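Shown here: my_file09.csv, CSV, C-alpha atoms.
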```
chain,number,residue,atom,x,y,z
Q,1,MET,CA,150.5,99.0,67.6
Q,2,ARG,CA,151.3,98.9,71.3
Q,3,HIS,CA,151.0,102.7,71.4
Q,4,TRP,CA,147.5,102.5,69.8
Q,5,LEU,CA,146.4,99.9,72.4
Q,6,LEU,CA,147.7,102.1,75.2
Q,7,ARG,CA,145.6,105.1,74.0
Q,8,ALA,CA,142.5,102.9,73.5
Q,9,GLY,CA,142.9,101.7,77.1
Q,10,LEU,CA,143.2,105.2,78.5
Q,11,VAL,CA,140.0,106.2,76.6
Q,12,LEU,CA,138.1,103.2,78.0
Q,13,LEU,CA,139.4,104.1,81.5
Q,14,ALA,CA,138.2,107.7,81.2
Q,15,LEU,CA,134.7,106.5,80.0
Q,16,ALA,CA,134.5,104.0,82.9
Q,17,THR,CA,135.3,106.8,85.4
Q,18,VAL,CA,132.5,109.0,84.0
Q,19,SER,CA,129.9,106.3,84.1
Q,20,CYS,CA,130.8,105.2,87.6
Q,21,GLY,CA,130.2,108.4,89.4
Q,22,GLY,CA,132.4,111.0,87.8
Q,23,PRO,CA,130.9,114.4,86.8
Q,24,SER,CA,128.7,114.4,83.7
Q,25,VAL,CA,126.5,116.7,81.8
Q,26,GLY,CA,123.0,116.9,83.4
Q,27,GLN,CA,124.0,115.4,86.7
Q,28,ARG,CA,122.8,117.6,89.6
Q,29,ALA,CA,125.6,118.7,91.9
Q,30,GLU,CA,125.4,117.9,95.6
Q,31,ASP,CA,124.4,120.9,97.6
Q,32,PRO,CA,124.7,120.3,101.3
Q,33,ALA,CA,123.2,123.7,102.1
Q,34,GLY,CA,120.2,123.3,99.8
Q,35,ASP,CA,116.6,122.4,100.5
Q,36,GLU,CA,117.1,118.6,100.3
Q,37,PRO,CA,116.3,116.8,103.6
Q,38,ALA,CA,119.4,115.8,105.6
Q,39,GLU,CA,120.6,112.3,105.5
Q,40,GLY,CA,119.0,111.4,108.9
Q,41,GLU,CA,115.7,112.8,107.8
Q,42,GLU,CA,115.7,110.8,104.6
Q,43,GLN,CA,116.4,107.7,106.6
Q,44,ALA,CA,113.5,108.5,108.9
Q,45,ALA,CA,111.3,109.0,105.9
Q,46,VAL,CA,112.3,105.6,104.5
Q,47,ASP,CA,111.7,103.9,107.9
Q,48,LEU,CA,108.2,105.5,108.4
Q,49,GLU,CA,105.7,102.6,108.2
Q,50,HIS,CA,102.3,102.8,106.5
Q,51,PRO,CA,99.7,103.9,109.0
Q,52,SER,CA,97.5,101.0,110.0
Q,53,LEU,CA,94.9,99.8,112.4
Q,54,GLY,CA,94.4,96.3,113.7
Q,55,ASP,CA,96.1,93.1,114.2
Q,56,GLU,CA,99.1,92.4,112.0
Q,57,ASP,CA,97.9,88.8,111.6
Q,58,ALA,CA,94.3,89.7,110.8
Q,59,PRO,CA,92.9,87.4,108.1
Q,60,VAL,CA,91.4,90.3,106.2
Q,61,VAL,CA,93.5,93.2,105.1
Q,62,LEU,CA,91.8,96.3,103.7
Q,63,THR,CA,94.1,98.8,102.0
Q,64,GLU,CA,92.6,102.3,101.5
Q,65,TYR,CA,93.9,104.7,98.9
Q,66,ALA,CA,92.6,108.2,99.4
Q,67,ASP,CA,93.3,111.9,99.0
Q,68,TYR,CA,92.4,114.3,101.8
Q,69,GLN,CA,90.9,116.9,99.5
U,1,MET,CA,84.1,98.2,110.7
U,2,GLU,CA,85.5,99.1,114.1
U,3,SER,CA,84.3,95.8,115.5
U,4,TYR,CA,86.1,93.9,112.8
U,5,VAL,CA,89.3,95.7,113.8
U,6,GLU,CA,88.7,95.2,117.5
U,7,ASN,CA,88.0,91.5,117.3
U,8,GLY,CA,91.2,90.9,115.2
U,9,THR,CA,89.4,90.1,111.9
U,10,LEU,CA,90.4,93.2,110.0
U,11,ARG,CA,93.6,95.2,109.5
U,12,ILE,CA,93.2,98.6,107.8
U,13,GLN,CA,96.2,100.0,106.0
U,14,TRP,CA,96.4,103.6,104.7
U,15,ARG,CA,98.0,104.7,101.4
U,16,ASP,CA,98.3,108.3,100.3
U,17,PHE,CA,96.9,108.9,96.9
U,18,ALA,CA,97.6,112.6,96.8
U,19,TYR,CA,96.7,113.4,93.3
U,20,LEU,CA,94.6,116.5,93.4
U,21,GLY,CA,97.4,119.0,93.7
U,22,GLN,CA,99.9,120.6,96.0
U,23,GLU,CA,97.5,120.9,99.0
U,24,SER,CA,96.8,117.2,98.8
U,25,VAL,CA,100.6,116.5,99.0
U,26,LYS,CA,101.0,118.9,101.9
U,27,ALA,CA,98.1,117.5,103.8
U,28,ALA,CA,99.4,114.0,103.4
U,29,GLN,CA,102.9,115.2,104.6
U,30,ALA,CA,101.3,116.9,107.6
U,31,ALA,CA,99.5,113.6,108.5
U,32,ARG,CA,102.8,111.8,108.4
U,33,GLU,CA,104.3,114.5,110.7
U,34,ALA,CA,101.4,113.7,113.0
U,35,GLN,CA,102.2,110.0,112.6
U,36,GLU,CA,105.7,110.8,113.8
U,37,GLN,CA,104.1,112.1,117.0
U,38,GLY,CA,101.8,109.1,117.3
U,39,SER,CA,98.7,110.9,116.2
U,40,PHE,CA,98.2,109.9,112.5
U,41,TRP,CA,94.6,108.8,112.8
U,42,GLU,CA,93.5,111.8,114.9
U,43,TYR,CA,95.1,114.1,112.3
U,44,HIS,CA,93.6,112.1,109.4
U,45,ASP,CA,90.1,112.6,111.0
U,46,ALA,CA,90.8,116.3,111.5
U,47,LEU,CA,91.7,116.7,107.8
U,48,TYR,CA,88.5,115.1,106.7
U,49,GLU,CA,86.5,117.2,109.1
U,50,ASN,CA,88.0,120.4,107.7
U,51,GLN,CA,87.8,119.8,104.0
U,52,GLY,CA,87.2,122.8,101.7
U,53,SER,CA,87.7,123.9,98.2
U,54,ILE,CA,90.4,122.0,96.3
U,55,ASN,CA,93.8,123.8,96.5
U,56,GLY,CA,92.0,126.9,97.7
U,57,GLY,CA,94.0,127.4,100.9
U,58,THR,CA,92.1,124.9,103.1
U,59,PHE,CA,95.3,123.0,103.6
U,60,SER,CA,97.8,125.8,103.6
U,61,ASP,CA,100.8,125.4,105.9
U,62,GLU,CA,99.2,127.7,108.5
U,63,LYS,CA,95.9,125.8,108.6
U,64,LEU,CA,97.7,122.5,108.8
U,65,THR,CA,99.7,123.8,111.7
U,66,GLU,CA,96.5,125.0,113.3
U,67,LEU,CA,95.1,121.5,113.1
U,68,ALA,CA,98.2,120.1,114.8
U,69,ARG,CA,97.9,122.7,117.5
U,70,GLY,CA,94.3,121.8,118.0
U,71,LEU,CA,95.3,118.2,118.6
U,72,GLY,CA,97.9,119.2,121.1
U,73,LEU,CA,100.9,118.1,118.9
U,74,ASP,CA,104.4,119.5,119.3
U,75,VAL,CA,103.9,122.4,116.9
U,76,GLU,CA,107.5,123.4,116.6
U,77,SER,CA,108.5,119.9,115.6
U,78,PHE,CA,105.5,119.6,113.3
U,79,GLU,CA,106.3,122.9,111.5
U,80,SER,CA,109.9,122.3,111.0
U,81,GLY,CA,109.3,118.8,109.8
U,82,LEU,CA,106.6,120.0,107.3
U,83,ALA,CA,108.9,122.8,106.1
U,84,SER,CA,111.7,120.3,105.5
U,85,GLY,CA,109.6,118.2,103.2
U,86,ARG,CA,111.1,115.1,104.7
U,87,TYR,CA,108.0,113.0,104.0
U,88,GLU,CA,107.2,114.3,100.5
U,89,MET,CA,109.1,111.3,99.1
U,90,VAL,CA,107.0,108.9,101.2
U,91,VAL,CA,103.8,110.5,100.0
U,92,ARG,CA,104.8,110.5,96.3
U,93,ARG,CA,106.1,106.9,96.6
U,94,ASP,CA,102.6,105.8,97.8
U,95,LEU,CA,101.0,107.5,94.8
U,96,GLN,CA,103.4,105.9,92.4
U,97,GLU,CA,103.0,102.5,93.9
U,98,ALA,CA,99.2,102.8,93.8
U,99,ARG,CA,99.3,103.8,90.2
U,100,GLU,CA,101.4,100.8,89.4
U,101,ALA,CA,98.8,98.7,91.2
U,102,GLY,CA,96.2,100.1,88.9
U,103,ILE,CA,94.5,102.6,91.3
U,104,GLN,CA,93.1,105.5,89.3
U,105,GLY,CA,91.0,107.5,91.7
U,106,THR,CA,89.7,107.8,95.2
U,107,PRO,CA,88.5,106.4,97.3
U,108,SER,CA,89.8,103.0,96.3
U,109,PHE,CA,90.1,99.9,98.4
U,110,ILE,CA,91.8,96.5,98.1
U,111,ILE,CA,90.5,93.8,100.4
U,112,ASN,CA,92.6,90.7,100.3
U,113,GLY,CA,93.4,91.4,96.6
U,114,GLN,CA,89.8,92.4,95.7
U,115,ARG,CA,89.6,96.0,94.4
U,116,LEU,CA,86.6,98.2,95.2
U,117,THR,CA,86.4,101.8,93.8
U,118,GLY,CA,84.3,104.8,94.8
U,119,PRO,CA,82.0,105.4,97.8
U,120,ILE,CA,81.1,101.9,99.0
U,121,PRO,CA,78.1,101.3,101.2
U,122,LEU,CA,79.1,99.9,104.6
U,123,GLU,CA,77.0,96.8,104.0
U,124,ASP,CA,79.0,96.0,100.9
U,125,PHE,CA,82.2,96.3,102.9
U,126,LYS,CA,80.8,93.9,105.5
U,127,GLN,CA,79.8,91.5,102.9
U,128,VAL,CA,83.2,91.4,101.3
U,129,ILE,CA,85.0,91.1,104.7
U,130,ASP,CA,82.6,88.3,105.8
U,131,ASP,CA,83.2,86.5,102.5
U,132,GLU,CA,87.0,86.8,102.8
U,133,LEU,CA,86.8,85.6,106.4
U,134,ARG,CA,84.9,82.5,105.4
U,135,LYS,CA,87.5,81.8,102.7
U,136,THR,CA,90.3,82.0,105.1
U,137,GLU,CA,88.5,79.8,107.7
U,138,GLY,CA,87.7,77.2,105.0
U,139,ALA,CA,91.3,77.1,103.8
```
Represent the structure contained in this file as structure tokens.
Amino acid sequence: MRHWLLRAGLVLLALATVSCGGPSVGQRAEDPAGDEPAEGEEQAAVDLEHPSLGDEDAPVVLTEYADYQ
Amino acid sequence: MESYVENGTLRIQWRDFAYLGQESVKAAQAAREAQEQGSFWEYHDALYENQGSINGGTFSDEKLTELARGLGLDVESFESGLASGRYEMVVRRDLQEAREAGIQGTPSFIINGQRLTGPIPLEDFKQVIDDELRKTEGA
């Protein structure tokens, strides 16, 4: 009985490792030399504000959605 | 519209809705590169002044760079930024958020929560803005 419990615990531990960041099927490997933007560039992209004109406290806010083509 | 912005009544916010293809996405990214250099609206205007056939090369990387050069931007920085695709995520996120907000085509506008779609006559814009202003003043 104790031996069965030990094996079950090990299986659960292995499953937890996979789901918490271990390698798994279908997961894309990291490729530091690939085309992905560098970490600093990603942060810059996240920090880029929406372009805007006018007072931040203006009572009327118009949001325009458009395509350049 | 300009007077509303200048007198503090109106704030205009831009959202990319780049849904017509790869050149839409590239043009939007290029405008964000111009934004990085403090020239978003100038580049935005240049894009509209140079529109052509959809995905027909009007907004190829070379032409987008030419527009940047014409505005006196730092072309080396612009080109490398555009090539890296660092703002593609920003552009695609705008599109996703717009779709989630119910936007389906362009141009679309939301004025204090009120949605307007399609080419809107200037007078209609003014009417909506004046109505919204009256609401906020009466609140």
Could you list, as a count of residues only, every residue of chain U that has an atom within 6 Å of an atom of chain Q, counting all atoms listed in the file? 22
Please identify all polymer residues lying at most 8 Å from the point (96.2, 93.8, 93.5) (file coordinates), using only C-alpha atoms, and present the result as JSON, numbers by chain. {"U": [101, 102, 110, 113, 114, 115]}
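The spacing separating CA of Tyr4 (chain U) from CA of Ile120 (chain U) amounts to 16.7 Å.
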Near region 60-77 of chain U, within 7 Å and counting only C-alpha atoms, which residues show up once chain neighbours fewer than 5 positions away are dropped, as a ChimeraX atom specification? /U:23,30,46
With the input short on atoms, add N, CA and C atoms back to region 23-50 of chain U and write it as a short mmCIF file (atom, residue, chain, number, x, y, z; two decimals), keeping the file's coordinate frame.
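Output file selection33.cif is given in full below:
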```cif
data_model
loop_
_atom_site.label_atom_id
_atom_site.label_comp_id
_atom_site.auth_asym_id
_atom_site.auth_seq_id
_atom_site.Cartn_x
_atom_site.Cartn_y
_atom_site.Cartn_z
N GLU U 23 98.08 120.97 97.65
CA GLU U 23 97.50 120.90 99.00
C GLU U 23 97.25 119.45 99.43
N SER U 24 96.99 118.60 98.46
CA SER U 24 96.80 117.20 98.80
C SER U 24 98.15 116.62 99.30
N VAL U 25 99.23 116.98 98.61
CA VAL U 25 100.60 116.50 99.00
C VAL U 25 100.93 117.04 100.37
N LYS U 26 100.66 118.32 100.59
CA LYS U 26 101.00 118.90 101.90
C LYS U 26 100.19 118.33 103.02
N ALA U 27 98.91 118.11 102.77
CA ALA U 27 98.10 117.50 103.80
C ALA U 27 98.55 116.12 104.17
N ALA U 28 98.93 115.37 103.14
CA ALA U 28 99.40 114.00 103.40
C ALA U 28 100.75 114.06 104.16
N GLN U 29 101.60 115.01 103.82
CA GLN U 29 102.90 115.20 104.60
C GLN U 29 102.57 115.54 106.01
N ALA U 30 101.61 116.42 106.20
CA ALA U 30 101.30 116.90 107.60
C ALA U 30 100.77 115.67 108.38
N ALA U 31 99.99 114.81 107.75
CA ALA U 31 99.50 113.60 108.50
C ALA U 31 100.65 112.72 108.87
N ARG U 32 101.66 112.65 108.01
CA ARG U 32 102.80 111.80 108.40
C ARG U 32 103.64 112.49 109.49
N GLU U 33 103.62 113.81 109.54
CA GLU U 33 104.30 114.50 110.70
C GLU U 33 103.50 114.15 111.96
N ALA U 34 102.20 114.11 111.86
CA ALA U 34 101.40 113.70 113.00
C ALA U 34 101.67 112.27 113.40
N GLN U 35 101.85 111.43 112.40
CA GLN U 35 102.20 110.00 112.60
C GLN U 35 103.49 109.93 113.44
N GLU U 36 104.42 110.78 113.07
CA GLU U 36 105.70 110.80 113.80
C GLU U 36 105.50 111.08 115.26
N GLN U 37 104.41 111.77 115.58
CA GLN U 37 104.10 112.10 117.00
C GLN U 37 103.03 111.14 117.55
N GLY U 38 102.76 110.06 116.82
CA GLY U 38 101.80 109.10 117.30
C GLY U 38 100.35 109.44 117.17
N SER U 39 100.06 110.40 116.27
CA SER U 39 98.70 110.90 116.20
C SER U 39 98.19 110.89 114.71
N PHE U 40 98.60 109.90 113.95
CA PHE U 40 98.20 109.90 112.50
C PHE U 40 96.68 109.89 112.38
N TRP U 41 95.99 108.96 113.03
CA TRP U 41 94.60 108.80 112.80
C TRP U 41 93.75 109.99 113.28
N GLU U 42 94.21 110.58 114.36
CA GLU U 42 93.50 111.80 114.90
C GLU U 42 93.65 112.92 113.85
N TYR U 43 94.85 113.04 113.29
CA TYR U 43 95.10 114.10 112.30
C TYR U 43 94.34 113.81 111.01
N HIS U 44 94.36 112.58 110.62
CA HIS U 44 93.60 112.10 109.40
C HIS U 44 92.14 112.51 109.57
N ASP U 45 91.55 112.24 110.74
CA ASP U 45 90.10 112.60 111.00
C ASP U 45 89.94 114.11 110.90
N ALA U 46 90.90 114.84 111.49
CA ALA U 46 90.80 116.30 111.50
C ALA U 46 90.84 116.86 110.07
N LEU U 47 91.67 116.27 109.23
CA LEU U 47 91.70 116.70 107.80
C LEU U 47 90.39 116.54 107.14
N TYR U 48 89.80 115.39 107.34
CA TYR U 48 88.50 115.10 106.70
C TYR U 48 87.39 116.02 107.24
N GLU U 49 87.50 116.34 108.52
CA GLU U 49 86.50 117.20 109.10
C GLU U 49 86.63 118.67 108.67
N ASN U 50 87.78 119.00 108.11
CA ASN U 50 88.00 120.40 107.70
C ASN U 50 88.26 120.56 106.22
#
```
